[in-house]
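Each remark here refers to the structure printed beneath this line.
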Amino acid sequence: MPKVSIVVPVYNVEKYIVQCLESLRQQTFHDIEIICIDDGSTDKSGSILDEFAELDERFIVVHKKNTGYGHSVNMGISKAKGDYIGIVESDDFAKTDMIENLYSAALLSDADVIKGNYDFYFEKKEEHLCFNEILKECPYNLAFNACNNAKIFEVPASVWSALYKKSFLKEKNIAFLETPGASYQDVSFSFKVFMYAASIYCIRKSVLNYRFDNPDSSVHNPGKIFCICDEYREIENVIDTITLQDKKNLFYQALQLVKFRSYFWNFNRLAIPYQYHFLTRFSDEFRMLYEKEKLDLSMWKHEDKEILVMVIQNKEAFFAKYAKEYHNAEWENDCLINATFEFNGLNTSIVQFDNIYIYGAGVIGLQTWNFLKKTRHKSKIKGFIVSDGEKSEDRKEGLPIKCLSEIEDKDALVLVAIKYNNRLSIIKLLIDKGFTNILAITDRMRKCM
């Protein structure tokens with residue numbers, strides 16, 4: 001039986017997967033199994049996994065239909081035979097002595113969780129590494145738990161730089177959320193791990209190279225901007241089950257601080273057409289907590305408090321200060337629209353939704369429709385939307401025209417295809433009406449149509 005099981009969830013990473021698997025094959029600690037879960041990859045990832053399995057019997061490959069990251073990791077954990085379990089992302093790669101260092105610390109401490117630091121790996125321009133000491137506020141080489149050092153909750157959710165005792169995960173029933181297509185599913189897993197662990201043991205060494213500039217991200221996907229909120233809702237549900245009030249309060253306040261920083265981080269990484277939309281949710285959630293006096297700010301840093309006040313009291317000022325590529329002179333009439341938003345944002349978005357509407361039946365709306373009807377997503381386009389009272393005909397270019405008040409599907413993707421100087425007011429109107437997925441058609445997008 002292997003002492004350590006490494007789970008590698010894989011989906012369409014043919015560009016990086018060989019480097020990842022080779023880093024595991026060459027580990028200085030040999031008594032391992034590498035469980036690779038192919039989540040319905042459509043590129044060469046699956047065949048590359050099979051090649052490694054033929055080369056090295058320690059590789060175990062499972063091919064399945066696409067069910068998402070959380071389900072893939074949970075499946076890998078369920079198949080693990082080792083005493084300890086590690087998780088490695090398929091676009092990252094391990095230090096050669098990663099398992100040796102973590103497992104040695106596991107034997108020394110008998111901890112439920114053994115955690116290391118990692119390096120940022122930058123591939124673009126000049127290839128280089130940068131040490132990221134995420135554990136600097138936690139004690140090294142000393143077992144502790146979250147009740148006597150809540151700083152562990154502020155460590156970024158880096159599930160892949162750790163080993164977890166398998167019996168601990170099973171006993172506490174700790175697993176990933178399995179929401180199909182969701183992102184950030186390591187957030188609730190990490191928090192629950194630290195919350196339930198009787199002992200945590202940290203080492204200062206960097207154990208993994210985290211690929212920091214992978215372009216295949218979800219920043220252009222409006223369907224994923226609120227996934228991080230779902231993760232924190234899951235954590236709150238777990239905290240609610242705790243009976244000891246002091247422990248419950250400690251974890252709840254730690255959660256609010258971590259959630260605030262995560263929301264701020266998520267805001268910063270989104271493409272600008274989604275930044276304002278997410279900011280609305282961000283502001284509403286924390287304003288409610290603040291007004292109901294559910295925030296203990298004694299453990300917050302001064303800069304966090306300043307940002308919090310701006311988020312809940314003046315989100316427009318917050319947006320002007322922190323939004324990507326925002327310049328007052330250039331954007332004073334339309335702070336939501338990013339003139340440099342990549343065209344692939346549109347292509348990525350339309351794949352994610354079954355129902356799509358085009359707001360605006362004028363020149364820009366027709367250009368958008370003429371582009372989309374040539375794609376395989378034509379059937380998803382359910383009609384044009386016009387403001388109430390502006391409907392003068394029922395159809396145009398074969399597509400129904402509907403007033404805004406007629407649209408009941410608030411989760412549909414709405415493409416705002418109108419003139420520049422009217423976009424801000426329409427996007428705000430859509431948000432006020434409860435629409436959750438909005439994307440502006442910019443001049444740059446139009447040039448690519």
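As shown in the structure tokens, the chain order sets the letters A, B, ...; within each chain, residues go from 1, and ligands are also counted from 1 in the order they appear.
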Per-residue nearest contacts of stretch 95-202 of chain A to stretch 264-268 of chain A (12 Å; only C-alpha atoms) as a Markdown table:
| residue | atom | partner | partner_atom | distance |
| --- | --- | --- | --- | --- |
| A:Pro156 | CA | A:Trp265 | CA | 10.8 |
| A:Ser183 | CA | A:Asn266 | CA | 11.3 |
| A:Tyr184 | CA | A:Asn266 | CA | 10.0 |
Problem - Nearby residues (only C-alpha atoms) at most 12 Å from A:Pro9, same-chain spacing under 5 positions excluded, as an NGL selection string - result: :A and (17 or 20-21 or 34-41 or 45-46 or 49 or 60-64 or 66-77 or 86-92 or 160)
Exercise for the section: Can you pull out every residue within 8 Å of A:Val386, counting only C-alpha atoms, but drop anything in the same chain fewer than 3 positions away, and send it as a ChimeraX atom specification? Expected result: /A:359-361,390-391,401-404
What does the file look like for those residues with all heavy atoms, as a PDB file, in the first residue's frame?
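So selection29.pdb came out as:
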ATOM      1  N   TYR A 359     -29.791  43.287 -25.860  1.00  0.00           N
ATOM      2  CA  TYR A 359     -30.474  44.533 -25.501  1.00  0.00           C
ATOM      3  C   TYR A 359     -30.125  45.587 -26.552  1.00  0.00           C
ATOM      4  O   TYR A 359     -28.982  45.994 -26.673  1.00  0.00           O
ATOM      5  CB  TYR A 359     -30.057  45.014 -24.110  1.00  0.00           C
ATOM      6  CG  TYR A 359     -30.990  46.071 -23.564  1.00  0.00           C
ATOM      7  CD1 TYR A 359     -31.905  45.755 -22.576  1.00  0.00           C
ATOM      8  CD2 TYR A 359     -30.985  47.362 -24.073  1.00  0.00           C
ATOM      9  CE1 TYR A 359     -32.787  46.705 -22.079  1.00  0.00           C
ATOM     10  CE2 TYR A 359     -31.855  48.314 -23.597  1.00  0.00           C
ATOM     11  CZ  TYR A 359     -32.757  47.989 -22.603  1.00  0.00           C
ATOM     12  OH  TYR A 359     -33.638  48.934 -22.140  1.00  0.00           O
ATOM     13  N   GLY A 360     -31.136  45.982 -27.294  1.00  0.00           N
ATOM     14  CA  GLY A 360     -30.942  46.951 -28.367  1.00  0.00           C
ATOM     15  C   GLY A 360     -31.188  46.324 -29.721  1.00  0.00           C
ATOM     16  O   GLY A 360     -30.554  45.321 -30.056  1.00  0.00           O
ATOM     17  N   ALA A 361     -32.113  46.890 -30.472  1.00  0.00           N
ATOM     18  CA  ALA A 361     -32.444  46.348 -31.796  1.00  0.00           C
ATOM     19  C   ALA A 361     -32.055  47.316 -32.900  1.00  0.00           C
ATOM     20  O   ALA A 361     -32.611  47.286 -34.001  1.00  0.00           O
ATOM     21  CB  ALA A 361     -33.948  46.032 -31.866  1.00  0.00           C
ATOM     22  N   GLU A 390     -40.802  51.380 -25.879  1.00  0.00           N
ATOM     23  CA  GLU A 390     -40.064  51.662 -27.111  1.00  0.00           C
ATOM     24  C   GLU A 390     -40.287  50.616 -28.194  1.00  0.00           C
ATOM     25  O   GLU A 390     -39.695  50.687 -29.262  1.00  0.00           O
ATOM     26  CB  GLU A 390     -38.560  51.769 -26.807  1.00  0.00           C
ATOM     27  CG  GLU A 390     -38.199  52.972 -25.955  1.00  0.00           C
ATOM     28  CD  GLU A 390     -36.701  53.143 -25.807  1.00  0.00           C
ATOM     29  OE1 GLU A 390     -35.960  52.290 -26.358  1.00  0.00           O
ATOM     30  OE2 GLU A 390     -36.272  54.093 -25.146  1.00  0.00           O
ATOM     31  N   LYS A 391     -41.127  49.635 -27.922  1.00  0.00           N
ATOM     32  CA  LYS A 391     -41.370  48.562 -28.884  1.00  0.00           C
ATOM     33  C   LYS A 391     -42.308  49.043 -29.990  1.00  0.00           C
ATOM     34  O   LYS A 391     -43.442  49.431 -29.742  1.00  0.00           O
ATOM     35  CB  LYS A 391     -41.975  47.356 -28.163  1.00  0.00           C
ATOM     36  CG  LYS A 391     -42.216  46.139 -29.047  1.00  0.00           C
ATOM     37  CD  LYS A 391     -42.730  44.987 -28.220  1.00  0.00           C
ATOM     38  CE  LYS A 391     -43.087  43.784 -29.068  1.00  0.00           C
ATOM     39  NZ  LYS A 391     -43.599  42.660 -28.242  1.00  0.00           N
ATOM     40  N   ILE A 401     -38.840  40.674 -30.748  1.00  0.00           N
ATOM     41  CA  ILE A 401     -38.500  41.867 -29.978  1.00  0.00           C
ATOM     42  C   ILE A 401     -39.394  41.893 -28.743  1.00  0.00           C
ATOM     43  O   ILE A 401     -40.616  41.796 -28.844  1.00  0.00           O
ATOM     44  CB  ILE A 401     -38.708  43.149 -30.803  1.00  0.00           C
ATOM     45  CG1 ILE A 401     -37.805  43.134 -32.042  1.00  0.00           C
ATOM     46  CG2 ILE A 401     -38.417  44.386 -29.953  1.00  0.00           C
ATOM     47  CD1 ILE A 401     -37.997  44.330 -32.942  1.00  0.00           C
ATOM     48  N   LYS A 402     -38.790  42.014 -27.551  1.00  0.00           N
ATOM     49  CA  LYS A 402     -39.545  41.995 -26.307  1.00  0.00           C
ATOM     50  C   LYS A 402     -39.212  43.227 -25.471  1.00  0.00           C
ATOM     51  O   LYS A 402     -38.087  43.732 -25.500  1.00  0.00           O
ATOM     52  CB  LYS A 402     -39.235  40.730 -25.509  1.00  0.00           C
ATOM     53  CG  LYS A 402     -39.576  39.436 -26.243  1.00  0.00           C
ATOM     54  CD  LYS A 402     -39.347  38.229 -25.360  1.00  0.00           C
ATOM     55  CE  LYS A 402     -39.723  36.944 -26.082  1.00  0.00           C
ATOM     56  NZ  LYS A 402     -39.602  35.740 -25.201  1.00  0.00           N
ATOM     57  N   CYS A 403     -40.208  43.698 -24.726  1.00  0.00           N
ATOM     58  CA  CYS A 403     -39.955  44.770 -23.772  1.00  0.00           C
ATOM     59  C   CYS A 403     -39.244  44.196 -22.547  1.00  0.00           C
ATOM     60  O   CYS A 403     -39.388  43.011 -22.219  1.00  0.00           O
ATOM     61  CB  CYS A 403     -41.264  45.427 -23.338  1.00  0.00           C
ATOM     62  SG  CYS A 403     -42.070  46.379 -24.643  1.00  0.00           S
ATOM     63  N   LEU A 404     -38.508  45.025 -21.855  1.00  0.00           N
ATOM     64  CA  LEU A 404     -37.746  44.575 -20.696  1.00  0.00           C
ATOM     65  C   LEU A 404     -38.650  43.918 -19.652  1.00  0.00           C
ATOM     66  O   LEU A 404     -38.288  42.894 -19.059  1.00  0.00           O
ATOM     67  CB  LEU A 404     -36.996  45.764 -20.074  1.00  0.00           C
ATOM     68  CG  LEU A 404     -36.137  45.477 -18.841  1.00  0.00           C
ATOM     69  CD1 LEU A 404     -35.078  44.437 -19.146  1.00  0.00           C
ATOM     70  CD2 LEU A 404     -35.492  46.749 -18.335  1.00  0.00           C
TER      71      LEU A 404
END
Exercise for the section: Apply DSSP to the backbone of this structure and, from stretch 45-219 of chain A, keep only the residues in alpha helix (DSSP H); write these as a PyMOL selection string. Expected result: chain A and resi 45-55+69-79+98-109+166-171+186-196
Problem - Shell of 9 Å around stretch 373-381 of chain A, only C-alpha atoms, local chain residues under 2 positions omitted, as number ranges by chain - result: A: 350-351, 353-358, 368-371, 383-384, 399
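Taking atom CA of A:Asn145 and atom CA of A:Tyr164 as endpoints, the distance between them is 14.2 Å.
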Would you kindly return, as a compact mmCIF listing (two decimals) with all heavy atoms, in the first residue's frame, each protein, DNA or RNA residue with an atom no farther than 12 Å from any atom of A:Lys205, considering only C-alpha atoms and excluding same-chain residues fewer than 4 positions away?
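Ended up saving to part-v8.txt:
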# COMPACT_ATOMS: atom_id res chain seq x y z
N LYS A 95 7.90 20.57 -6.62
CA LYS A 95 9.33 20.47 -6.37
C LYS A 95 9.67 18.98 -6.27
O LYS A 95 8.85 18.18 -5.81
CB LYS A 95 9.70 21.17 -5.07
CG LYS A 95 9.30 22.64 -4.99
CD LYS A 95 10.14 23.51 -5.89
CE LYS A 95 9.80 24.99 -5.66
NZ LYS A 95 10.57 25.88 -6.55
N ASP A 97 11.39 17.34 -4.26
CA ASP A 97 11.36 16.79 -2.89
C ASP A 97 10.09 17.18 -2.14
O ASP A 97 10.05 17.14 -0.91
CB ASP A 97 12.60 17.24 -2.11
CG ASP A 97 12.75 18.76 -2.06
OD1 ASP A 97 11.90 19.47 -2.66
OD2 ASP A 97 13.72 19.24 -1.43
N MET A 98 9.05 17.54 -2.86
CA MET A 98 7.80 17.97 -2.22
C MET A 98 7.26 16.92 -1.25
O MET A 98 7.01 17.20 -0.07
CB MET A 98 6.75 18.29 -3.28
CG MET A 98 5.36 18.56 -2.72
SD MET A 98 4.14 18.88 -4.04
CE MET A 98 2.63 19.05 -3.06
N ILE A 99 7.03 15.71 -1.75
CA ILE A 99 6.41 14.68 -0.92
C ILE A 99 7.35 14.26 0.21
O ILE A 99 6.91 14.02 1.34
CB ILE A 99 6.02 13.45 -1.77
CG1 ILE A 99 5.15 13.90 -2.95
CG2 ILE A 99 5.27 12.44 -0.91
CD1 ILE A 99 3.91 14.64 -2.56
N GLU A 100 8.64 14.19 -0.07
CA GLU A 100 9.60 13.81 0.97
C GLU A 100 9.55 14.79 2.14
O GLU A 100 9.51 14.39 3.31
CB GLU A 100 11.01 13.76 0.39
CG GLU A 100 12.06 13.36 1.41
CD GLU A 100 13.45 13.26 0.80
OE1 GLU A 100 13.59 13.45 -0.43
OE2 GLU A 100 14.41 12.99 1.56
N ASN A 101 9.54 16.09 1.83
CA ASN A 101 9.52 17.11 2.88
C ASN A 101 8.21 17.08 3.67
O ASN A 101 8.20 17.16 4.90
CB ASN A 101 9.75 18.49 2.28
CG ASN A 101 11.19 18.71 1.85
OD1 ASN A 101 12.11 18.16 2.45
ND2 ASN A 101 11.38 19.49 0.80
N LEU A 102 7.09 16.99 2.97
CA LEU A 102 5.80 17.00 3.65
C LEU A 102 5.57 15.73 4.45
O LEU A 102 5.06 15.77 5.58
CB LEU A 102 4.67 17.21 2.63
CG LEU A 102 4.59 18.59 1.96
CD1 LEU A 102 3.52 18.60 0.89
CD2 LEU A 102 4.31 19.68 2.99
N ALA A 105 7.57 15.63 7.66
CA ALA A 105 6.92 16.45 8.68
C ALA A 105 5.68 15.76 9.25
O ALA A 105 5.36 15.90 10.43
CB ALA A 105 6.54 17.81 8.08
N ILE A 114 -0.43 18.99 6.98
CA ILE A 114 0.95 19.46 6.88
C ILE A 114 1.01 20.41 5.70
O ILE A 114 0.65 20.04 4.58
CB ILE A 114 1.95 18.30 6.69
CG1 ILE A 114 1.83 17.30 7.85
CG2 ILE A 114 3.37 18.83 6.62
CD1 ILE A 114 0.81 16.22 7.62
N LYS A 115 1.46 21.62 5.95
CA LYS A 115 1.36 22.69 4.95
C LYS A 115 2.72 23.31 4.67
O LYS A 115 3.50 23.56 5.59
CB LYS A 115 0.40 23.76 5.48
CG LYS A 115 0.07 24.87 4.53
CD LYS A 115 -0.94 24.45 3.51
CE LYS A 115 -1.37 25.64 2.65
NZ LYS A 115 -2.13 25.20 1.47
N GLY A 116 2.99 23.56 3.38
CA GLY A 116 4.21 24.24 2.98
C GLY A 116 3.93 25.49 2.19
O GLY A 116 2.78 25.77 1.81
N ASN A 117 4.95 26.28 1.94
CA ASN A 117 4.84 27.45 1.06
C ASN A 117 5.00 27.00 -0.39
O ASN A 117 5.18 25.82 -0.68
CB ASN A 117 5.91 28.48 1.43
CG ASN A 117 5.66 29.11 2.79
OD1 ASN A 117 4.64 29.76 3.01
ND2 ASN A 117 6.60 28.92 3.72
N TYR A 118 4.96 27.94 -1.30
CA TYR A 118 5.13 27.60 -2.72
C TYR A 118 5.73 28.78 -3.47
O TYR A 118 5.81 29.90 -2.94
CB TYR A 118 3.79 27.18 -3.35
CG TYR A 118 2.69 28.22 -3.28
CD1 TYR A 118 2.52 29.19 -4.26
CD2 TYR A 118 1.78 28.20 -2.22
CE1 TYR A 118 1.51 30.12 -4.19
CE2 TYR A 118 0.75 29.12 -2.15
CZ TYR A 118 0.62 30.09 -3.14
OH TYR A 118 -0.38 31.02 -3.06
N ASP A 119 6.17 28.53 -4.68
CA ASP A 119 6.72 29.57 -5.55
C ASP A 119 5.71 29.94 -6.62
O ASP A 119 5.02 29.08 -7.17
CB ASP A 119 7.99 29.06 -6.26
CG ASP A 119 9.20 29.01 -5.34
OD1 ASP A 119 9.12 29.56 -4.23
OD2 ASP A 119 10.21 28.40 -5.72
N PHE A 131 9.40 33.24 -4.56
CA PHE A 131 8.97 32.58 -3.33
C PHE A 131 7.78 33.31 -2.73
O PHE A 131 7.80 34.52 -2.54
CB PHE A 131 10.13 32.56 -2.33
CG PHE A 131 9.81 31.89 -1.02
CD1 PHE A 131 9.34 30.58 -0.99
CD2 PHE A 131 9.98 32.56 0.18
CE1 PHE A 131 9.04 29.95 0.22
CE2 PHE A 131 9.70 31.95 1.40
CZ PHE A 131 9.23 30.64 1.41
N ASN A 132 6.71 32.57 -2.44
CA ASN A 132 5.49 33.14 -1.86
C ASN A 132 5.29 32.54 -0.47
O ASN A 132 4.78 31.43 -0.33
CB ASN A 132 4.29 32.84 -2.76
CG ASN A 132 3.03 33.54 -2.28
OD1 ASN A 132 3.09 34.62 -1.70
ND2 ASN A 132 1.89 32.93 -2.54
N GLU A 133 5.69 33.28 0.54
CA GLU A 133 5.65 32.77 1.91
C GLU A 133 4.27 33.03 2.51
O GLU A 133 4.08 33.96 3.32
CB GLU A 133 6.75 33.39 2.77
CG GLU A 133 6.92 32.68 4.10
CD GLU A 133 8.07 33.23 4.92
OE1 GLU A 133 8.74 34.19 4.47
OE2 GLU A 133 8.31 32.71 6.03
N ILE A 134 3.32 32.21 2.17
CA ILE A 134 1.95 32.40 2.63
C ILE A 134 1.79 32.08 4.12
O ILE A 134 0.82 32.51 4.74
CB ILE A 134 0.97 31.52 1.82
CG1 ILE A 134 1.37 30.05 1.92
CG2 ILE A 134 0.89 31.98 0.39
CD1 ILE A 134 0.35 29.09 1.34
N LEU A 135 2.76 31.34 4.70
CA LEU A 135 2.63 30.87 6.07
C LEU A 135 3.44 31.69 7.08
O LEU A 135 3.63 31.27 8.21
CB LEU A 135 3.08 29.40 6.16
CG LEU A 135 2.31 28.43 5.27
CD1 LEU A 135 2.99 27.06 5.25
CD2 LEU A 135 0.87 28.29 5.75
N LYS A 136 3.90 32.88 6.68
CA LYS A 136 4.83 33.62 7.51
C LYS A 136 4.24 34.07 8.85
O LYS A 136 4.98 34.36 9.80
CB LYS A 136 5.37 34.84 6.75
CG LYS A 136 4.31 35.80 6.26
CD LYS A 136 4.94 36.88 5.38
CE LYS A 136 3.89 37.79 4.78
NZ LYS A 136 4.51 38.79 3.87
N TYR A 140 6.30 27.84 12.44
CA TYR A 140 6.90 26.75 11.69
C TYR A 140 7.36 25.64 12.64
O TYR A 140 7.78 25.91 13.77
CB TYR A 140 8.08 27.23 10.87
CG TYR A 140 7.71 28.10 9.68
CD1 TYR A 140 8.21 29.39 9.55
CD2 TYR A 140 6.87 27.62 8.68
CE1 TYR A 140 7.89 30.19 8.47
CE2 TYR A 140 6.53 28.41 7.59
CZ TYR A 140 7.04 29.69 7.48
OH TYR A 140 6.71 30.47 6.40
N ASN A 141 7.25 24.41 12.16
CA ASN A 141 7.77 23.25 12.90
C ASN A 141 7.20 23.14 14.31
O ASN A 141 7.90 22.75 15.25
CB ASN A 141 9.31 23.31 12.95
CG ASN A 141 9.91 23.46 11.57
OD1 ASN A 141 9.46 22.84 10.61
ND2 ASN A 141 10.92 24.30 11.47
N SER A 161 -0.49 22.63 -1.73
CA SER A 161 0.83 22.68 -1.07
C SER A 161 0.75 22.03 0.30
O SER A 161 1.31 22.53 1.27
CB SER A 161 1.34 24.13 -0.96
OG SER A 161 0.52 24.89 -0.09
N ALA A 162 0.04 20.92 0.37
CA ALA A 162 -0.21 20.30 1.67
C ALA A 162 -0.42 18.79 1.53
O ALA A 162 -0.66 18.28 0.43
CB ALA A 162 -1.45 20.94 2.32
N ASN A 209 5.54 24.64 -7.53
CA ASN A 209 5.58 25.80 -8.41
C ASN A 209 4.16 26.07 -8.94
O ASN A 209 3.60 25.25 -9.68
CB ASN A 209 6.52 25.54 -9.59
CG ASN A 209 7.94 25.30 -9.13
OD1 ASN A 209 8.49 26.07 -8.34
ND2 ASN A 209 8.56 24.23 -9.60
Shell of 10 Å around A:Ser109, only C-alpha atoms, local chain residues under 4 positions omitted, as an mmCIF file with C-alpha atoms, in the first residue's frame:
data_model
loop_
_atom_site.group_PDB
_atom_site.id
_atom_site.type_symbol
_atom_site.label_atom_id
_atom_site.label_comp_id
_atom_site.auth_asym_id
_atom_site.auth_seq_id
_atom_site.Cartn_x
_atom_site.Cartn_y
_atom_site.Cartn_z
ATOM 1 C CA TYR A 103 5.714 13.315 4.594
ATOM 2 C CA SER A 104 8.757 13.660 6.870
ATOM 3 C CA ALA A 105 6.915 16.453 8.681
ATOM 4 C CA VAL A 113 -2.623 18.767 7.969
ATOM 5 C CA ILE A 114 0.953 19.457 6.877
ATOM 6 C CA ASN A 141 7.768 23.246 12.895
ATOM 7 C CA LEU A 142 5.252 23.423 15.725
ATOM 8 C CA ALA A 143 1.847 21.758 15.871
ATOM 9 C CA SER A 199 -3.267 19.789 14.703
ATOM 10 C CA ILE A 200 -1.706 21.708 11.827
ATOM 11 C CA TYR A 201 2.019 21.615 11.068
ATOM 12 C CA CYS A 202 3.722 24.139 8.779
#
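All residues within stretch 156-199 of chain A that the backbone DSSP calculation assigns to strand (DSSP E or B) are Ala162, Leu163, Tyr164 and Lys165 of chain A.
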Problem - Spatial neighbours of A:Phe319, 8 Å, only C-alpha atoms, chain gap at least 3 places, as a list in words - result: Tyr276, Leu279, Lys315, Glu316, Tyr322 and Ala323 of chain A
Exercise for the section: Go through A:Asp31, A:Glu14, A:Glu22, A:Asp230 one by one, measure the shortest atom-to-atom distance of each to A:Ser47 using only C-alpha atoms, and give the residue with the smallest value. Expected result: A:Glu14
